[in-house]
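Data file: my_file.txt. Format and content: compact mmCIF, C-alpha atoms.
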# COMPACT_ATOMS: atom_id res chain seq x y z
CA MET O 1 77.54 145.20 -164.83
CA ALA O 2 75.40 148.04 -166.16
CA VAL O 3 77.25 151.08 -167.45
CA VAL O 4 76.31 154.66 -168.20
CA TYR O 5 75.68 155.70 -171.80
CA PRO O 6 77.45 157.64 -173.19
CA SER O 7 80.69 156.92 -171.34
CA LEU O 8 84.14 155.42 -171.77
CA GLU O 9 82.95 152.36 -169.86
CA TRP O 10 80.21 151.86 -172.44
CA MET O 11 82.71 152.12 -175.29
CA GLU O 12 85.04 149.63 -173.57
CA GLU O 13 82.21 147.17 -172.95
CA VAL O 14 81.13 147.37 -176.61
CA LEU O 15 84.72 146.70 -177.68
CA LYS O 16 85.00 143.69 -175.37
CA LYS O 17 81.65 142.19 -176.41
CA VAL O 18 82.25 142.66 -180.12
CA ASN O 19 85.82 141.46 -180.20
CA SER O 20 85.13 138.30 -178.22
CA ASP O 21 82.25 137.13 -180.38
CA GLU O 22 83.00 134.20 -182.65
CA GLN O 23 79.73 134.50 -184.58
CA LEU O 24 80.54 138.09 -185.57
CA LYS O 25 84.03 137.09 -186.67
CA LYS O 26 82.42 134.66 -189.11
CA VAL O 27 79.57 136.80 -190.47
CA ALA O 28 81.69 139.96 -190.70
CA ALA O 29 84.83 138.29 -192.00
CA ASN O 30 84.71 140.34 -195.21
CA TRP O 31 83.46 143.60 -193.75
CA GLU O 32 85.66 146.61 -194.43
CA GLY O 33 84.33 149.93 -193.33
CA ASP O 34 84.11 152.44 -190.54
CA ILE O 35 80.91 153.95 -189.19
CA LEU O 36 80.44 157.50 -187.96
CA CYS O 37 77.42 158.04 -185.72
CA ARG O 38 76.08 161.56 -185.45
CA ILE O 39 73.98 161.59 -182.30
CA GLU O 40 71.93 164.75 -182.16
CA VAL O 41 71.30 166.33 -178.78
CA ASP O 42 67.54 166.24 -178.09
CA GLU O 43 65.24 166.69 -175.10
CA GLU O 44 66.10 163.17 -173.91
CA ALA O 45 69.81 164.00 -173.96
CA LEU O 46 69.19 167.12 -171.92
CA LYS O 47 67.12 165.05 -169.49
CA ASP O 48 69.89 162.43 -169.23
CA PHE O 49 72.60 165.04 -168.74
CA ARG O 50 70.77 166.45 -165.76
CA ASP O 51 71.96 163.27 -164.06
CA PRO O 52 75.54 164.00 -162.87
CA GLU O 53 76.62 160.38 -163.45
CA LYS O 54 75.57 160.50 -167.11
CA LEU O 55 77.05 163.93 -167.61
CA ALA O 56 80.30 162.70 -166.06
CA GLY O 57 80.30 159.91 -168.64
CA PHE O 58 79.94 162.45 -171.43
CA ILE O 59 82.73 164.63 -169.97
CA ALA O 60 85.03 161.61 -169.70
CA MET O 61 84.41 160.93 -173.39
CA LEU O 62 85.11 164.57 -174.20
CA SER O 63 88.41 164.31 -172.33
CA THR O 64 89.63 161.71 -174.85
CA ILE O 65 89.69 164.31 -177.63
CA PRO O 66 93.29 165.52 -177.87
CA VAL O 67 93.84 169.19 -177.03
CA GLU O 68 95.16 169.87 -180.55
CA LYS O 69 91.74 168.92 -181.92
CA TRP O 70 89.77 171.28 -179.70
CA SER O 71 89.94 173.93 -182.41
CA LYS O 72 87.57 171.74 -184.49
CA PHE O 73 84.78 172.80 -182.13
CA LYS O 74 85.36 176.50 -182.92
CA GLY O 75 82.20 178.11 -184.30
CA THR O 76 80.19 174.86 -184.24
CA LYS O 77 76.85 174.14 -182.59
CA GLU O 78 78.72 171.67 -180.40
CA GLU O 79 80.85 174.52 -179.06
CA LYS O 80 77.66 176.42 -178.30
CA PHE O 81 76.34 173.43 -176.33
CA LEU O 82 79.57 173.15 -174.36
CA ASN O 83 79.58 176.90 -173.72
CA ARG O 84 76.04 176.62 -172.34
CA LEU O 85 77.40 174.04 -169.92
CA GLY O 86 80.10 176.52 -168.97
CA ILE O 87 82.84 174.59 -170.76
CA GLU O 88 85.20 176.62 -172.92
CA LEU O 89 87.56 174.41 -174.92
CA ASP O 90 90.60 176.62 -174.50
CA PRO O 91 93.80 174.73 -173.58
CA ASP O 92 95.03 177.73 -171.59
CA LYS O 93 91.91 177.92 -169.48
CA LEU O 94 90.44 174.43 -169.22
CA ASP O 95 91.50 171.33 -167.32
CA ILE O 96 88.76 168.81 -168.12
CA SER O 97 89.75 166.59 -165.21
CA LYS O 98 88.73 169.39 -162.82
CA LEU O 99 85.21 169.80 -164.21
CA ASN O 100 82.54 169.13 -161.61
CA ALA O 101 79.70 167.06 -163.08
CA GLU O 102 77.37 167.89 -160.15
CA GLU O 103 77.70 171.61 -160.83
CA LEU O 104 77.48 171.25 -164.61
CA ALA O 105 74.36 169.05 -164.37
CA LYS O 106 72.56 171.94 -162.68
CA LYS O 107 73.37 174.12 -165.70
CA VAL O 108 71.81 171.55 -168.06
CA ALA O 109 68.44 172.28 -166.44
CA GLU O 110 68.73 175.88 -167.69
CA ILE O 111 69.49 174.91 -171.31
CA LYS O 112 66.63 175.14 -173.78
CA LEU O 113 66.77 172.80 -176.75
CA GLU O 114 66.18 175.59 -179.26
CA ASP O 115 69.38 177.29 -178.04
CA ILE O 116 71.55 174.31 -178.93
CA LYS O 117 69.47 172.74 -181.72
CA GLY O 118 71.65 170.89 -184.23
CA SER O 119 74.50 170.13 -181.84
CA ALA O 120 75.62 166.51 -181.76
CA ILE O 121 77.90 163.91 -180.25
CA TYR O 122 80.07 161.99 -182.72
CA VAL O 123 81.06 158.38 -182.16
CA TRP O 124 83.35 156.72 -184.69
CA MET O 125 83.67 152.94 -184.96
CA ASP O 126 86.48 151.35 -186.88
CA PHE O 127 85.08 148.02 -187.98
CA TRP O 128 87.35 145.74 -190.01
CA HIS O 129 87.05 142.05 -190.90
CA GLY O 130 84.99 141.05 -187.88
CA GLU O 131 87.00 143.13 -185.46
CA LEU O 132 86.14 146.45 -183.89
CA ARG O 133 89.57 148.03 -183.99
CA GLY O 134 88.45 151.07 -182.05
CA VAL O 135 85.57 153.18 -180.80
CA GLU O 136 86.25 156.85 -180.36
CA PHE O 137 84.49 160.03 -179.40
CA ALA O 138 85.16 162.32 -182.36
CA ALA O 139 85.39 166.07 -182.80
CA PRO O 140 83.02 167.83 -185.25
CA GLY O 141 84.21 167.38 -188.83
CA GLU O 142 86.39 164.34 -188.09
CA HIS O 143 86.02 161.08 -190.05
CA GLN O 144 83.87 162.68 -192.73
CA ASN O 145 85.07 160.02 -195.18
CA ALA O 146 83.67 157.17 -193.08
CA LYS O 147 82.21 154.42 -195.26
CA PHE O 148 78.90 154.75 -193.42
CA LYS O 149 77.26 157.53 -191.49
CA LEU O 150 74.31 157.02 -189.18
CA PHE O 151 72.29 160.05 -188.14
CA GLY O 152 69.73 160.15 -185.37
CA THR O 153 68.78 161.78 -182.13
CA HIS O 154 70.12 160.68 -178.73
CA GLY O 155 66.69 159.19 -178.00
CA VAL O 156 66.73 157.13 -181.19
CA PHE O 157 70.30 155.91 -180.62
CA LYS O 158 69.27 154.86 -177.12
CA GLN O 159 66.54 152.68 -178.64
CA LEU O 160 69.24 151.11 -180.81
CA ILE O 161 71.84 150.49 -178.13
CA THR O 162 69.30 149.13 -175.68
CA GLY O 163 67.93 146.74 -178.31
CA LYS O 164 64.45 148.29 -178.30
CA ALA O 165 64.64 148.82 -182.06
CA ASP O 166 66.84 147.48 -184.82
CA PRO O 167 68.67 149.79 -187.23
CA ILE O 168 66.66 148.75 -190.28
CA THR O 169 63.33 149.56 -188.64
CA LEU O 170 64.74 152.90 -187.53
CA VAL O 171 66.11 153.71 -191.01
CA VAL O 172 63.00 152.53 -192.85
CA SER O 173 60.72 154.45 -190.49
CA GLY O 174 62.77 157.59 -191.09
CA LYS O 175 63.85 157.97 -187.46
CA MET O 176 67.45 157.30 -188.41
CA LYS O 177 69.31 158.15 -191.59
CA LEU O 178 71.96 156.06 -193.25
CA GLN O 179 74.53 157.45 -195.66
CA GLY O 180 76.94 155.26 -197.56
CA ASP O 181 77.02 152.26 -199.83
CA VAL O 182 73.51 150.85 -199.30
CA GLY O 183 74.22 147.80 -201.47
CA TYR O 184 77.24 146.88 -199.37
CA MET O 185 75.17 147.28 -196.21
CA MET O 186 72.39 145.07 -197.60
CA ARG O 187 74.89 142.39 -198.64
CA ASN O 188 76.36 142.43 -195.15
CA MET O 189 73.11 142.62 -193.20
CA PRO O 190 73.94 139.55 -191.01
CA ALA O 191 77.16 141.28 -189.90
CA MET O 192 75.36 144.52 -189.10
CA ARG O 193 72.57 142.67 -187.28
CA ARG O 194 75.04 140.72 -185.09
CA PHE O 195 77.07 143.84 -184.37
CA MET O 196 73.93 145.68 -183.23
CA GLU O 197 72.82 142.69 -181.12
CA LEU O 198 76.18 142.72 -179.34
CA MET O 199 76.05 146.47 -178.81
CA ALA O 200 72.55 146.11 -177.39
CA SER O 201 73.71 143.35 -175.04
CA VAL O 202 75.74 145.84 -172.98
CA PRO O 203 73.46 146.66 -170.03
CA ILE O 204 72.79 150.38 -169.68
CA LYS O 205 72.01 152.17 -166.40
CA MET S 1 72.57 158.87 -216.76
CA VAL S 2 69.36 157.79 -215.06
CA GLU S 3 68.00 160.46 -212.76
CA VAL S 4 66.79 159.04 -209.45
CA ILE S 5 64.52 161.14 -207.28
CA TYR S 6 63.78 160.06 -203.72
CA PRO S 7 62.92 161.61 -200.36
CA LYS S 8 65.39 162.28 -197.57
CA GLU S 9 64.07 159.57 -195.28
CA GLY S 10 62.29 156.29 -194.89
CA LEU S 11 62.15 153.15 -197.01
CA ALA S 12 62.05 155.24 -200.20
CA ASN S 13 65.34 156.89 -199.21
CA LEU S 14 66.99 153.50 -198.69
CA LEU S 15 65.68 152.09 -202.00
CA GLY S 16 66.28 155.32 -203.93
CA ASN S 17 69.87 155.43 -202.72
CA LEU S 18 70.36 151.81 -203.72
CA ILE S 19 68.90 152.36 -207.21
CA MET S 20 70.98 155.52 -207.73
CA GLN S 21 74.22 153.85 -206.63
CA ASN S 22 73.55 150.74 -208.75
CA THR S 23 72.61 152.62 -211.94
CA ARG S 24 75.71 154.84 -211.62
CA ARG S 25 78.05 151.92 -211.05
CA ASP S 26 76.65 149.40 -213.47
CA ILE S 27 75.97 150.32 -217.11
CA LYS S 28 73.84 147.21 -217.64
CA LYS S 29 71.54 148.12 -214.75
CA ALA S 30 71.28 151.70 -216.03
CA GLU S 31 70.39 150.33 -219.47
CA ILE S 32 67.64 148.10 -218.03
CA ALA S 33 66.30 151.09 -216.09
CA ARG S 34 66.24 153.27 -219.21
CA LYS S 35 64.22 150.67 -221.11
CA THR S 36 61.71 150.03 -218.33
CA ARG S 37 58.47 151.84 -217.68
CA GLY S 38 55.96 151.06 -214.97
CA THR S 39 55.21 151.30 -211.27
CA VAL S 40 56.33 148.81 -208.63
CA VAL S 41 55.09 148.80 -205.05
CA ILE S 42 57.48 147.29 -202.53
CA GLU S 43 55.89 146.15 -199.31
CA ILE S 44 57.97 145.19 -196.27
CA ARG S 45 55.40 143.12 -194.41
CA ASP S 46 57.09 142.66 -191.04
CA LEU S 47 58.01 146.34 -190.68
CA GLY S 48 54.73 147.61 -192.08
CA PHE S 49 56.29 149.99 -194.61
CA THR S 50 55.74 150.41 -198.34
CA ALA S 51 57.43 152.39 -201.07
CA THR S 52 56.53 153.01 -204.69
CA VAL S 53 59.09 152.98 -207.48
CA GLU S 54 58.01 154.64 -210.70
CA LEU S 55 60.24 153.80 -213.65
CA LYS S 56 59.99 156.39 -216.41
CA GLY S 57 62.96 155.58 -218.61
CA ASP S 58 65.62 158.19 -217.89
CA ARG S 59 63.96 159.07 -214.62
CA ILE S 60 63.05 156.96 -211.59
CA GLU S 61 60.94 158.35 -208.78
CA VAL S 62 60.78 156.61 -205.41
CA ARG S 63 58.16 157.60 -202.84
CA ASN S 64 57.19 156.37 -199.39
CA GLY S 65 53.76 154.72 -199.26
CA LYS S 66 51.68 153.24 -202.06
CA PRO S 67 49.26 154.66 -204.61
CA GLU S 68 45.51 154.42 -203.98
CA GLU S 69 44.99 152.56 -207.23
CA LEU S 70 47.15 149.43 -207.32
CA SER S 71 45.70 147.55 -210.30
CA ASP S 72 48.30 148.81 -212.77
CA CYS S 73 51.24 148.34 -210.40
CA ALA S 74 53.63 145.46 -209.99
CA LEU S 75 54.07 144.30 -206.40
CA ILE S 76 56.92 142.80 -204.40
CA SER S 77 55.76 141.88 -200.91
CA ALA S 78 57.84 140.06 -198.29
CA ASN S 79 59.52 140.42 -194.90
CA PHE S 80 62.68 142.53 -194.84
CA GLY S 81 64.90 139.46 -194.44
CA VAL S 82 63.55 137.93 -197.68
CA ILE S 83 63.84 141.21 -199.60
CA SER S 84 67.43 141.81 -198.46
CA TYR S 85 68.34 138.18 -199.26
CA LEU S 86 66.91 138.51 -202.77
CA LEU S 87 68.73 141.79 -203.37
CA GLY S 88 71.99 140.08 -202.45
CA ASN S 89 71.23 136.88 -204.39
CA ASN S 90 69.18 137.78 -207.45
CA SER S 91 68.15 134.17 -208.03
CA THR S 92 64.95 133.24 -209.90
CA ILE S 93 64.89 129.74 -208.37
CA LYS S 94 65.16 131.11 -204.84
CA SER S 95 62.44 133.69 -205.63
CA LEU S 96 60.15 130.87 -206.80
CA LYS S 97 60.86 128.89 -203.63
CA PHE S 98 59.96 131.91 -201.51
CA MET S 99 56.80 132.43 -203.57
CA LEU S 100 55.72 128.79 -203.22
CA SER S 101 56.21 128.95 -199.45
CA GLY S 102 54.15 132.17 -199.27
CA LYS S 103 57.08 134.21 -198.02
CA LEU S 104 57.15 136.30 -201.18
CA LYS S 105 54.29 137.69 -203.22
CA ILE S 106 54.94 139.10 -206.67
CA LYS S 107 52.44 140.66 -209.06
CA LYS S 108 53.44 141.42 -212.66
CA MET S 109 56.54 139.27 -212.53
CA LEU S 110 58.35 140.73 -215.55
CA LEU S 111 58.33 144.32 -214.31
CA ALA S 112 59.10 143.25 -210.73
CA LYS S 113 62.01 141.13 -211.96
CA LYS S 114 63.45 144.07 -213.91
CA LEU S 115 63.35 146.28 -210.83
CA SER S 116 64.90 143.60 -208.62
CA THR S 117 67.72 143.26 -211.17
CA ILE S 118 68.28 147.03 -211.01
CA MET S 119 68.28 146.91 -207.21
CA SER S 120 70.35 143.75 -206.90
CA THR S 121 73.49 144.31 -204.86
CA ARG S 122 75.47 141.72 -206.84
What's the C-alpha cells form of this structure?
Amino acid sequence: MAVVYPSLEWMEEVLKKVNSDEQLKKVAANWEGDILCRIEVDEEALKDFRDPEKLAGFIAMLSTIPVEKWSKFKGTKEEKFLNRLGIELDPDKLDISKLNAEELAKKVAEIKLEDIKGSAIYVWMDFWHGELRGVEFAAPGEHQNAKFKLFGTHGVFKQLITGKADPITLVVSGKMKLQGDVGYMMRNMPAMRRFMELMASVPIK
Amino acid sequence: MVEVIYPKEGLANLLGNLIMQNTRRDIKKAEIARKTRGTVVIEIRDLGFTATVELKGDRIEVRNGKPEELSDCALISANFGVISYLLGNNSTIKSLKFMLSGKLKIKKMLLAKKLSTIMSTR
C-alpha cells in the first residue's frame, strides 16, 4: 500500500522492508554506523505541504519529538518555518494532536521560499550489522556525531526514495552531499545500494 | 601532512575527501603522495562524470572535469562499480583482468597505480 512521504507510515514501512531482507543482512553484516539525513525545504516541499495529507504526515513526524527537545528549535530556521505555518513549539501553548492539517496547508501557500531558506527536516537512521534499529525524526542539532551525513533538498531526497536516482549519482553530480568516512562507504557500497533499493521499494503516494 | 584541496561538491569532493582521509590515517599513503607528481584524470563512464587529481608532492588538488590537454595526464576510466571495487581491493591482477575485458582503461600505469594506492580503502 502506498504511503505518504514524509510520514510515520513511511518510516514504519522502511523499517519493515529493511529488517525483513535477508540479502541486506548478508551484505551489511559488518556495517556499523548511523546516518543523519538533512532534507532541506525547497519549492517542491512547499508544493507537497500544500496537500493536507502530506502536511499531516509531516506533523505526525513532528509529534514524535519529545516536548523536552522542543527547545532545540529555538532560534533555528526550522522554528521560523514552523512559525510561518502558525506552529509555536511551546509546551504551554501547543497540543500537536489538535493541529488541523487542512488549515495549515492553506498557510503553506502563503510561504515564500526565501523566507524560510535553509530550514530542513532531519531524519536519523540507526543502521547496525544489517539491521535498521530505528528511524527517527530528529530535532535540529541532534545526532551531529552520526557516522554519515547526507545533505540534499526535499526534491532530491524524493528522487532517492522513489528510486529515480541512486545516491552515488546524486553525490557525484553534486545534487547531494555526503559527509563521513568515504572509504568505509566505498568498501560497503553493496550494503548501501541494497539499503537504498529497499527504501525505494516502499510505494509513495 | 599532505594538503588536499577539493571543491564542496561532485565527484571531486568524493575523491578529495577520500584522499584526505587516507593520507591522514595512513603514513605510507601520505609518503607515496609526497613523492608523486603528475596529473590523473578519473572518468566514471556510466555516470558521465570526470575529475582531475593533480599530485604536487605536499599538495594535492582535485577538480571536477578534465583538462583540455590530456596528453600529459594519466587516465583511469571505468564504470563506478569497477572503480569502487578496485578502491576496496587494490589488486593488480584484478585490474589487469578488468583491462583485458575492456571494463577498465588505464593510461600511464605507474602514475595511475600510485594514485589508486593512495585512494585505496584497504
Query raised in the report: When the cut-off is 12 Å and we count only C-alpha atoms, which residues of chain S are near chain O, given as a PyMOL selection string?
Result: chain S and resi 7-23+25+43-51+64-65+79-90+118-122
Report, as AutoDock Vina command-line options, the centre and edge lengths in Å (one decimal) of the axis-aligned box enclosing every listed atom of region 87-106 of chain S, padded by 8 Å on each side.
--center_x 63.1 --center_y 135.3 --center_z -204.0 --size_x 33.8 --size_y 29.0 --size_z 27.9
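Considering all atoms listed in the file, the residue among O:Phe49, O:Phe81, O:Trp128, O:Trp31 positioned nearest to Glu114 (chain O) is O:Phe81.
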Requested in this report: Determine, counting only C-alpha atoms, which protein, DNA and RNA residues have an atom within 12 Å of an atom of Leu111 (chain S); residues of the same chain fewer than 5 positions away are not included. Present the result as a ChimeraX atom specification.
Outcome: /S:32-33,35-41,53-55,72-76,106,116-118
For the selection just defined, write its residues with C-alpha atoms to a file, as a short mmCIF file (atom, residue, chain, number, x, y, z; two decimals), keeping the file's coordinate frame.
data_model
loop_
_atom_site.label_atom_id
_atom_site.label_comp_id
_atom_site.auth_asym_id
_atom_site.auth_seq_id
_atom_site.Cartn_x
_atom_site.Cartn_y
_atom_site.Cartn_z
CA ILE S 32 67.64 148.10 -218.03
CA ALA S 33 66.30 151.09 -216.09
CA LYS S 35 64.22 150.67 -221.11
CA THR S 36 61.71 150.03 -218.33
CA ARG S 37 58.47 151.84 -217.68
CA GLY S 38 55.96 151.06 -214.97
CA THR S 39 55.21 151.30 -211.27
CA VAL S 40 56.33 148.81 -208.63
CA VAL S 41 55.09 148.80 -205.05
CA VAL S 53 59.09 152.98 -207.48
CA GLU S 54 58.01 154.64 -210.70
CA LEU S 55 60.24 153.80 -213.65
CA ASP S 72 48.30 148.81 -212.77
CA CYS S 73 51.24 148.34 -210.40
CA ALA S 74 53.63 145.46 -209.99
CA LEU S 75 54.07 144.30 -206.40
CA ILE S 76 56.92 142.80 -204.40
CA ILE S 106 54.94 139.10 -206.67
CA SER S 116 64.90 143.60 -208.62
CA THR S 117 67.72 143.26 -211.17
CA ILE S 118 68.28 147.03 -211.01
#
Report summary line: Here CA of Ala101 (chain O) and CA of Lys17 (chain O) stand apart by 28.3 Å
Atom completion result for region 30-62 of chain S (N, CA and C atoms) as a PDB file, in the frame of the given file:
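Wrote it out as part.pdb, contents follow:
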ATOM      1  N   ALA S  30      71.780 150.408-215.550  1.00  0.00           N
ATOM      2  CA  ALA S  30      71.280 151.700-216.030  1.00  0.00           C
ATOM      3  C   ALA S  30      70.511 151.503-217.340  1.00  0.00           C
ATOM      4  N   GLU S  31      71.018 150.613-218.174  1.00  0.00           N
ATOM      5  CA  GLU S  31      70.390 150.330-219.470  1.00  0.00           C
ATOM      6  C   GLU S  31      69.008 149.686-219.268  1.00  0.00           C
ATOM      7  N   ILE S  32      68.935 148.742-218.328  1.00  0.00           N
ATOM      8  CA  ILE S  32      67.640 148.100-218.030  1.00  0.00           C
ATOM      9  C   ILE S  32      66.661 149.169-217.521  1.00  0.00           C
ATOM     10  N   ALA S  33      67.162 150.037-216.649  1.00  0.00           N
ATOM     11  CA  ALA S  33      66.300 151.090-216.090  1.00  0.00           C
ATOM     12  C   ALA S  33      65.767 151.998-217.194  1.00  0.00           C
ATOM     13  N   ARG S  34      66.646 152.371-218.128  1.00  0.00           N
ATOM     14  CA  ARG S  34      66.240 153.270-219.210  1.00  0.00           C
ATOM     15  C   ARG S  34      65.149 152.663-220.099  1.00  0.00           C
ATOM     16  N   LYS S  35      65.189 151.338-220.220  1.00  0.00           N
ATOM     17  CA  LYS S  35      64.220 150.670-221.110  1.00  0.00           C
ATOM     18  C   LYS S  35      62.926 150.270-220.401  1.00  0.00           C
ATOM     19  N   THR S  36      62.864 150.520-219.092  1.00  0.00           N
ATOM     20  CA  THR S  36      61.710 150.030-218.330  1.00  0.00           C
ATOM     21  C   THR S  36      60.763 151.166-217.942  1.00  0.00           C
ATOM     22  N   ARG S  37      59.494 150.890-218.092  1.00  0.00           N
ATOM     23  CA  ARG S  37      58.470 151.840-217.680  1.00  0.00           C
ATOM     24  C   ARG S  37      57.405 151.101-216.892  1.00  0.00           C
ATOM     25  N   GLY S  38      56.999 151.691-215.782  1.00  0.00           N
ATOM     26  CA  GLY S  38      55.960 151.060-214.970  1.00  0.00           C
ATOM     27  C   GLY S  38      56.137 151.410-213.499  1.00  0.00           C
ATOM     28  N   THR S  39      55.187 150.974-212.708  1.00  0.00           N
ATOM     29  CA  THR S  39      55.210 151.300-211.270  1.00  0.00           C
ATOM     30  C   THR S  39      55.269 150.008-210.449  1.00  0.00           C
ATOM     31  N   VAL S  40      56.180 149.987-209.504  1.00  0.00           N
ATOM     32  CA  VAL S  40      56.330 148.810-208.630  1.00  0.00           C
ATOM     33  C   VAL S  40      56.141 149.241-207.179  1.00  0.00           C
ATOM     34  N   VAL S  41      55.261 148.548-206.477  1.00  0.00           N
ATOM     35  CA  VAL S  41      55.090 148.800-205.050  1.00  0.00           C
ATOM     36  C   VAL S  41      55.897 147.755-204.285  1.00  0.00           C
ATOM     37  N   ILE S  42      56.706 148.235-203.352  1.00  0.00           N
ATOM     38  CA  ILE S  42      57.480 147.290-202.530  1.00  0.00           C
ATOM     39  C   ILE S  42      56.934 147.365-201.105  1.00  0.00           C
ATOM     40  N   GLU S  43      56.524 146.201-200.626  1.00  0.00           N
ATOM     41  CA  GLU S  43      55.890 146.150-199.310  1.00  0.00           C
ATOM     42  C   GLU S  43      56.764 145.315-198.370  1.00  0.00           C
ATOM     43  N   ILE S  44      57.202 145.932-197.278  1.00  0.00           N
ATOM     44  CA  ILE S  44      57.970 145.190-196.270  1.00  0.00           C
ATOM     45  C   ILE S  44      56.978 144.796-195.184  1.00  0.00           C
ATOM     46  N   ARG S  45      56.528 143.554-195.257  1.00  0.00           N
ATOM     47  CA  ARG S  45      55.400 143.120-194.410  1.00  0.00           C
ATOM     48  C   ARG S  45      55.686 143.236-192.916  1.00  0.00           C
ATOM     49  N   ASP S  46      56.844 142.709-192.483  1.00  0.00           N
ATOM     50  CA  ASP S  46      57.090 142.660-191.040  1.00  0.00           C
ATOM     51  C   ASP S  46      57.301 144.049-190.428  1.00  0.00           C
ATOM     52  N   LEU S  47      57.766 144.995-191.220  1.00  0.00           N
ATOM     53  CA  LEU S  47      58.010 146.340-190.680  1.00  0.00           C
ATOM     54  C   LEU S  47      56.810 147.256-190.917  1.00  0.00           C
ATOM     55  N   GLY S  48      55.927 146.815-191.818  1.00  0.00           N
ATOM     56  CA  GLY S  48      54.730 147.610-192.080  1.00  0.00           C
ATOM     57  C   GLY S  48      54.983 148.861-192.913  1.00  0.00           C
ATOM     58  N   PHE S  49      56.002 148.825-193.774  1.00  0.00           N
ATOM     59  CA  PHE S  49      56.290 149.990-194.610  1.00  0.00           C
ATOM     60  C   PHE S  49      56.198 149.621-196.097  1.00  0.00           C
ATOM     61  N   THR S  50      55.767 150.614-196.891  1.00  0.00           N
ATOM     62  CA  THR S  50      55.740 150.410-198.340  1.00  0.00           C
ATOM     63  C   THR S  50      56.407 151.590-199.032  1.00  0.00           C
ATOM     64  N   ALA S  51      56.883 151.322-200.228  1.00  0.00           N
ATOM     65  CA  ALA S  51      57.430 152.390-201.070  1.00  0.00           C
ATOM     66  C   ALA S  51      57.004 152.099-202.502  1.00  0.00           C
ATOM     67  N   THR S  52      56.939 153.150-203.288  1.00  0.00           N
ATOM     68  CA  THR S  52      56.530 153.010-204.690  1.00  0.00           C
ATOM     69  C   THR S  52      57.652 153.483-205.593  1.00  0.00           C
ATOM     70  N   VAL S  53      58.028 152.628-206.530  1.00  0.00           N
ATOM     71  CA  VAL S  53      59.090 152.980-207.480  1.00  0.00           C
ATOM     72  C   VAL S  53      58.456 153.161-208.849  1.00  0.00           C
ATOM     73  N   GLU S  54      58.589 154.352-209.385  1.00  0.00           N
ATOM     74  CA  GLU S  54      58.010 154.640-210.700  1.00  0.00           C
ATOM     75  C   GLU S  54      59.142 154.756-211.716  1.00  0.00           C
ATOM     76  N   LEU S  55      59.168 153.819-212.642  1.00  0.00           N
ATOM     77  CA  LEU S  55      60.240 153.800-213.650  1.00  0.00           C
ATOM     78  C   LEU S  55      59.742 154.509-214.906  1.00  0.00           C
ATOM     79  N   LYS S  56      60.447 155.578-215.266  1.00  0.00           N
ATOM     80  CA  LYS S  56      59.990 156.390-216.410  1.00  0.00           C
ATOM     81  C   LYS S  56      61.100 156.538-217.447  1.00  0.00           C
ATOM     82  N   GLY S  57      61.860 155.501-217.645  1.00  0.00           N
ATOM     83  CA  GLY S  57      62.960 155.580-218.610  1.00  0.00           C
ATOM     84  C   GLY S  57      64.174 156.260-218.003  1.00  0.00           C
ATOM     85  N   ASP S  58      64.443 157.494-218.406  1.00  0.00           N
ATOM     86  CA  ASP S  58      65.620 158.190-217.890  1.00  0.00           C
ATOM     87  C   ASP S  58      65.444 158.717-216.474  1.00  0.00           C
ATOM     88  N   ARG S  59      64.250 158.524-215.939  1.00  0.00           N
ATOM     89  CA  ARG S  59      63.960 159.070-214.620  1.00  0.00           C
ATOM     90  C   ARG S  59      63.249 158.021-213.760  1.00  0.00           C
ATOM     91  N   ILE S  60      63.712 157.892-212.519  1.00  0.00           N
ATOM     92  CA  ILE S  60      63.050 156.960-211.590  1.00  0.00           C
ATOM     93  C   ILE S  60      62.648 157.759-210.352  1.00  0.00           C
ATOM     94  N   GLU S  61      61.397 157.643-209.987  1.00  0.00           N
ATOM     95  CA  GLU S  61      60.940 158.350-208.780  1.00  0.00           C
ATOM     96  C   GLU S  61      60.562 157.318-207.722  1.00  0.00           C
ATOM     97  N   VAL S  62      61.074 157.537-206.518  1.00  0.00           N
ATOM     98  CA  VAL S  62      60.780 156.610-205.410  1.00  0.00           C
ATOM     99  C   VAL S  62      60.067 157.410-204.312  1.00  0.00           C
TER     100      VAL S  62
END
